[in-house]
Amino acid sequence: MWKAVTAVLGGQPLPDAVVQGTTLKITGGTYTVTIQGTPQPDKGTCLVDMKASPKRITIKTNEAPNRGKTFLAIYEFGDNDSMQVCYDLTGQAFPKKFKSEKGTQMYLVNYRRQK
C-alpha cells in the first residue's frame, strides 16, 4: 500500500488533509485509490509498461467517481519505499516529464510505501 506524501494538480499543491488521506493499493493488474472522507474508493485496472522510458501505466477506472475514464501516467521509483507518478487526467497522452504546470490537467503525486 502506498500513501500520498505530496500532490500537485495543474501547478497547485493539494491541501494537506486531502494528500494525507490518500492511499493507493496495487494488486496484480488492479488498483484502488481511497481518499479519506469520500463515499467510495476509485477502483479499476492498470496496465504497466516497464520497457518504456519513463515507465508507463494505463489506468482504466471501473468503479466510483471516475468510472469509465482512462488515465495515462508515467512513474518512477526513488527507492524501494518511494514512488512518483504523473497522471494526465485528460487521458489524451502520456506525460513527458514529472511536472504539473499551471493550466494543465497533470496530477503529480509522490507516494511512500506503508509497511
# chains A, B, ... in the order shown; residues from 1 in each chain; ligands from 1

call {"tool": "residues_around", "arguments": {"residues": "Tyr87 of chain A", "least_positions_apart": "3", "cutoff": "12 Å", "atoms": "only C-alpha atoms", "output": "JSON, numbers by chain"}}
result
{"A": [7, 8, 9, 10, 56, 57, 58, 59, 70, 71, 72, 73, 74, 75, 84, 90, 91, 92, 93, 94, 95, 96, 97, 98, 99, 100, 104, 105, 106, 107, 108, 109, 110]}

call {"tool": "select_by_dssp", "arguments": {"residues": "chain A", "states": "alpha helix (DSSP H)", "output": "ChimeraX atom specification"}}
result
/A:16-20

call {"tool": "write_last_selection", "arguments": {"atoms": "C-alpha atoms", "output": "short mmCIF file (atom, residue, chain, number, x, y, z; two decimals), in the first residue's frame"}}
result
data_model
loop_
_atom_site.label_atom_id
_atom_site.label_comp_id
_atom_site.auth_asym_id
_atom_site.auth_seq_id
_atom_site.Cartn_x
_atom_site.Cartn_y
_atom_site.Cartn_z
CA ASP A 16 -2.50 18.54 3.28
CA ALA A 17 -5.73 16.95 4.56
CA VAL A 18 -6.53 15.53 1.12
CA VAL A 19 -2.95 14.38 0.48
CA GLN A 20 -2.55 12.73 3.88
#

call {"tool": "select_by_dssp", "arguments": {"residues": "chain A", "states": "strand (DSSP E or B)", "output": "short mmCIF file (atom, residue, chain, number, x, y, z; two decimals) with N, CA, C and O atoms, in the first residue's frame"}}
result
data_model
loop_
_atom_site.label_atom_id
_atom_site.label_comp_id
_atom_site.auth_asym_id
_atom_site.auth_seq_id
_atom_site.Cartn_x
_atom_site.Cartn_y
_atom_site.Cartn_z
N TRP A 2 0.48 2.24 -0.73
CA TRP A 2 1.22 3.49 -0.87
C TRP A 2 0.39 4.64 -0.30
O TRP A 2 -0.82 4.71 -0.53
N LYS A 3 1.04 5.54 0.40
CA LYS A 3 0.37 6.72 0.98
C LYS A 3 0.94 7.96 0.31
O LYS A 3 2.15 8.11 0.17
N ALA A 4 0.05 8.86 -0.13
CA ALA A 4 0.50 10.10 -0.75
C ALA A 4 1.23 10.96 0.27
O ALA A 4 0.82 11.05 1.43
N VAL A 5 2.31 11.59 -0.19
CA VAL A 5 3.09 12.49 0.66
C VAL A 5 2.92 13.93 0.17
O VAL A 5 2.77 14.84 0.97
N THR A 6 2.95 14.11 -1.14
CA THR A 6 2.69 15.41 -1.76
C THR A 6 1.88 15.18 -3.02
O THR A 6 1.97 14.11 -3.64
N ALA A 7 1.11 16.17 -3.42
CA ALA A 7 0.32 16.08 -4.65
C ALA A 7 0.09 17.48 -5.21
O ALA A 7 -0.21 18.42 -4.45
N VAL A 8 0.26 17.60 -6.52
CA VAL A 8 0.08 18.88 -7.21
C VAL A 8 -0.80 18.63 -8.43
O VAL A 8 -0.56 17.70 -9.20
N LEU A 9 -1.82 19.44 -8.59
CA LEU A 9 -2.73 19.34 -9.74
C LEU A 9 -2.76 20.68 -10.46
O LEU A 9 -3.08 21.70 -9.86
N GLN A 12 -0.97 23.53 -8.76
CA GLN A 12 -1.42 23.92 -7.43
C GLN A 12 -1.30 22.75 -6.45
O GLN A 12 -1.91 21.70 -6.69
N PRO A 13 -0.57 22.93 -5.36
CA PRO A 13 -0.48 21.86 -4.36
C PRO A 13 -1.87 21.57 -3.76
O PRO A 13 -2.64 22.50 -3.52
N THR A 22 -4.96 10.13 1.32
CA THR A 22 -4.98 9.40 0.06
C THR A 22 -4.06 8.19 0.10
O THR A 22 -2.88 8.32 0.44
N THR A 23 -4.61 7.02 -0.24
CA THR A 23 -3.80 5.81 -0.33
C THR A 23 -4.03 5.13 -1.68
O THR A 23 -5.10 5.24 -2.26
N LEU A 24 -3.02 4.42 -2.14
CA LEU A 24 -3.06 3.69 -3.39
C LEU A 24 -2.65 2.25 -3.11
O LEU A 24 -1.62 2.01 -2.49
N LYS A 25 -3.47 1.32 -3.58
CA LYS A 25 -3.14 -0.10 -3.44
C LYS A 25 -3.17 -0.72 -4.83
O LYS A 25 -4.16 -0.59 -5.56
N ILE A 26 -2.06 -1.37 -5.20
CA ILE A 26 -1.97 -2.04 -6.49
C ILE A 26 -1.77 -3.52 -6.22
O ILE A 26 -0.85 -3.91 -5.49
N THR A 27 -2.65 -4.34 -6.78
CA THR A 27 -2.57 -5.79 -6.63
C THR A 27 -2.71 -6.40 -8.01
O THR A 27 -3.79 -6.33 -8.62
N THR A 30 -4.87 -4.68 -10.84
CA THR A 30 -5.94 -3.82 -10.34
C THR A 30 -5.40 -2.79 -9.36
O THR A 30 -4.33 -2.97 -8.78
N TYR A 31 -6.15 -1.72 -9.20
CA TYR A 31 -5.77 -0.68 -8.25
C TYR A 31 -7.00 -0.19 -7.48
O TYR A 31 -8.13 -0.32 -7.95
N THR A 32 -6.72 0.39 -6.32
CA THR A 32 -7.76 1.05 -5.52
C THR A 32 -7.15 2.32 -4.95
O THR A 32 -6.09 2.28 -4.33
N VAL A 33 -7.81 3.45 -5.18
CA VAL A 33 -7.40 4.72 -4.56
C VAL A 33 -8.49 5.10 -3.57
O VAL A 33 -9.66 5.19 -3.93
N THR A 34 -8.08 5.31 -2.34
CA THR A 34 -9.01 5.71 -1.29
C THR A 34 -8.63 7.10 -0.82
O THR A 34 -7.46 7.36 -0.53
N ILE A 35 -9.61 7.98 -0.76
CA ILE A 35 -9.41 9.32 -0.21
C ILE A 35 -10.33 9.44 0.99
O ILE A 35 -11.55 9.33 0.86
N ASP A 42 -11.92 4.72 -5.60
CA ASP A 42 -11.81 4.64 -7.04
C ASP A 42 -11.11 3.32 -7.35
O ASP A 42 -10.04 3.04 -6.82
N LYS A 43 -11.73 2.46 -8.19
CA LYS A 43 -11.17 1.14 -8.48
C LYS A 43 -11.14 0.90 -9.98
O LYS A 43 -11.99 1.41 -10.71
N GLY A 44 -10.19 0.09 -10.39
CA GLY A 44 -10.12 -0.26 -11.80
C GLY A 44 -8.94 -1.14 -12.11
O GLY A 44 -8.41 -1.82 -11.23
N THR A 45 -8.53 -1.11 -13.39
CA THR A 45 -7.41 -1.92 -13.83
C THR A 45 -6.24 -1.02 -14.20
O THR A 45 -6.42 0.17 -14.51
N CYS A 46 -5.05 -1.61 -14.14
CA CYS A 46 -3.87 -0.87 -14.55
C CYS A 46 -2.95 -1.79 -15.33
O CYS A 46 -2.77 -2.95 -14.98
N LEU A 47 -2.42 -1.25 -16.41
CA LEU A 47 -1.52 -1.99 -17.28
C LEU A 47 -0.18 -1.25 -17.27
O LEU A 47 -0.11 -0.08 -17.66
N VAL A 48 0.86 -1.94 -16.82
CA VAL A 48 2.18 -1.34 -16.67
C VAL A 48 3.06 -1.66 -17.88
O VAL A 48 3.07 -2.80 -18.35
N ASP A 49 3.77 -0.66 -18.37
CA ASP A 49 4.75 -0.85 -19.44
C ASP A 49 6.12 -0.47 -18.87
O ASP A 49 6.47 0.71 -18.81
N LYS A 55 8.85 4.77 -17.37
CA LYS A 55 7.87 3.68 -17.28
C LYS A 55 6.46 4.25 -17.36
O LYS A 55 6.20 5.33 -16.85
N ARG A 56 5.55 3.50 -17.97
CA ARG A 56 4.17 3.98 -18.18
C ARG A 56 3.17 3.07 -17.51
O ARG A 56 3.41 1.88 -17.33
N ILE A 57 2.02 3.67 -17.21
CA ILE A 57 0.90 2.91 -16.67
C ILE A 57 -0.40 3.46 -17.28
O ILE A 57 -0.59 4.67 -17.34
N THR A 58 -1.23 2.55 -17.76
CA THR A 58 -2.54 2.91 -18.31
C THR A 58 -3.58 2.48 -17.29
O THR A 58 -3.65 1.31 -16.91
N ILE A 59 -4.38 3.44 -16.84
CA ILE A 59 -5.35 3.20 -15.76
C ILE A 59 -6.76 3.31 -16.34
O ILE A 59 -7.10 4.33 -16.95
N LYS A 60 -7.55 2.28 -16.12
CA LYS A 60 -8.96 2.29 -16.57
C LYS A 60 -9.83 2.11 -15.33
O LYS A 60 -9.73 1.11 -14.63
N THR A 61 -10.66 3.10 -15.08
CA THR A 61 -11.48 3.11 -13.88
C THR A 61 -12.80 2.38 -14.13
O THR A 61 -13.51 2.65 -15.09
N ASN A 62 -13.11 1.43 -13.22
CA ASN A 62 -14.34 0.64 -13.33
C ASN A 62 -15.41 1.05 -12.33
O ASN A 62 -16.58 0.80 -12.54
N GLU A 63 -14.99 1.65 -11.21
CA GLU A 63 -15.94 1.99 -10.15
C GLU A 63 -15.69 3.38 -9.60
O GLU A 63 -14.58 3.88 -9.64
N THR A 70 -10.18 6.73 -18.68
CA THR A 70 -8.83 6.18 -18.81
C THR A 70 -7.84 7.30 -18.54
O THR A 70 -7.98 8.40 -19.07
N PHE A 71 -6.86 7.01 -17.69
CA PHE A 71 -5.81 7.96 -17.37
C PHE A 71 -4.48 7.36 -17.78
O PHE A 71 -4.22 6.17 -17.58
N LEU A 72 -3.63 8.18 -18.38
CA LEU A 72 -2.30 7.75 -18.78
C LEU A 72 -1.30 8.39 -17.83
O LEU A 72 -1.42 9.57 -17.50
N ALA A 73 -0.31 7.61 -17.40
CA ALA A 73 0.63 8.11 -16.40
C ALA A 73 2.03 7.57 -16.64
O ALA A 73 2.22 6.56 -17.33
N ILE A 74 3.00 8.26 -16.06
CA ILE A 74 4.38 7.77 -16.01
C ILE A 74 4.74 7.64 -14.54
O ILE A 74 4.16 8.31 -13.69
N TYR A 75 5.69 6.74 -14.25
CA TYR A 75 6.08 6.55 -12.86
C TYR A 75 7.54 6.20 -12.75
O TYR A 75 8.17 5.74 -13.72
N GLU A 76 8.09 6.43 -11.56
CA GLU A 76 9.46 6.03 -11.27
C GLU A 76 9.59 5.82 -9.77
O GLU A 76 8.89 6.44 -8.97
N PHE A 77 10.48 4.91 -9.42
CA PHE A 77 10.78 4.64 -8.02
C PHE A 77 12.00 5.44 -7.62
O PHE A 77 12.99 5.48 -8.37
N GLY A 78 11.95 6.09 -6.44
CA GLY A 78 13.11 6.78 -5.91
C GLY A 78 14.00 5.79 -5.20
O GLY A 78 15.22 5.81 -5.29
N ASP A 79 13.36 4.90 -4.48
CA ASP A 79 14.00 3.78 -3.80
C ASP A 79 12.89 2.75 -3.60
O ASP A 79 11.81 2.91 -4.17
N SER A 82 9.69 4.66 -2.10
CA SER A 82 9.12 5.90 -2.64
C SER A 82 8.86 5.75 -4.13
O SER A 82 9.59 5.07 -4.85
N MET A 83 7.77 6.38 -4.57
CA MET A 83 7.37 6.31 -5.96
C MET A 83 6.74 7.65 -6.34
O MET A 83 6.02 8.26 -5.57
N GLN A 84 7.05 8.09 -7.55
CA GLN A 84 6.50 9.31 -8.10
C GLN A 84 5.66 8.94 -9.32
O GLN A 84 6.11 8.17 -10.17
N VAL A 85 4.44 9.48 -9.39
CA VAL A 85 3.55 9.20 -10.52
C VAL A 85 3.02 10.53 -11.05
O VAL A 85 2.58 11.39 -10.27
N CYS A 86 3.05 10.68 -12.37
CA CYS A 86 2.47 11.86 -13.01
C CYS A 86 1.37 11.37 -13.95
O CYS A 86 1.63 10.61 -14.88
N TYR A 87 0.14 11.78 -13.67
CA TYR A 87 -1.04 11.36 -14.42
C TYR A 87 -1.49 12.49 -15.37
O TYR A 87 -1.51 13.65 -14.97
N ASP A 88 -1.88 12.15 -16.58
CA ASP A 88 -2.56 13.09 -17.47
C ASP A 88 -4.04 12.81 -17.30
O ASP A 88 -4.55 11.79 -17.79
N MET A 106 -2.30 17.91 -15.42
CA MET A 106 -1.29 16.97 -14.93
C MET A 106 -1.39 16.90 -13.41
O MET A 106 -1.46 17.92 -12.73
N TYR A 107 -1.40 15.67 -12.92
CA TYR A 107 -1.53 15.40 -11.49
C TYR A 107 -0.28 14.65 -11.06
O TYR A 107 -0.07 13.50 -11.47
N LEU A 108 0.57 15.29 -10.28
CA LEU A 108 1.84 14.73 -9.84
C LEU A 108 1.74 14.35 -8.37
O LEU A 108 1.44 15.19 -7.53
N VAL A 109 1.99 13.07 -8.07
CA VAL A 109 1.88 12.57 -6.69
C VAL A 109 3.16 11.84 -6.30
O VAL A 109 3.69 11.04 -7.07
N ASN A 110 3.64 12.13 -5.11
CA ASN A 110 4.74 11.39 -4.51
C ASN A 110 4.16 10.50 -3.43
O ASN A 110 3.41 10.97 -2.57
N TYR A 111 4.49 9.21 -3.49
CA TYR A 111 3.97 8.22 -2.54
C TYR A 111 5.11 7.62 -1.71
O TYR A 111 6.24 7.54 -2.18
N ARG A 112 4.75 7.18 -0.51
CA ARG A 112 5.66 6.39 0.34
C ARG A 112 4.98 5.06 0.63
O ARG A 112 3.77 5.01 0.89
N ARG A 113 5.77 4.00 0.58
CA ARG A 113 5.24 2.67 0.88
C ARG A 113 4.89 2.57 2.35
O ARG A 113 5.65 3.02 3.20
#

call {"tool": "atom_distance", "arguments": {"atom1": "atom CA of Gln36 of chain A", "atom2": "atom CA of Pro65 of chain A"}}
result
14.0 Å

call {"tool": "atom_distance", "arguments": {"atom1": "atom CA of Pro39 of chain A", "atom2": "atom CA of Arg67 of chain A"}}
result
14.1 Å

call {"tool": "atom_distance", "arguments": {"atom1": "atom CA of Gly103 of chain A", "atom2": "atom CA of Gly11 of chain A"}}
result
7.2 Å
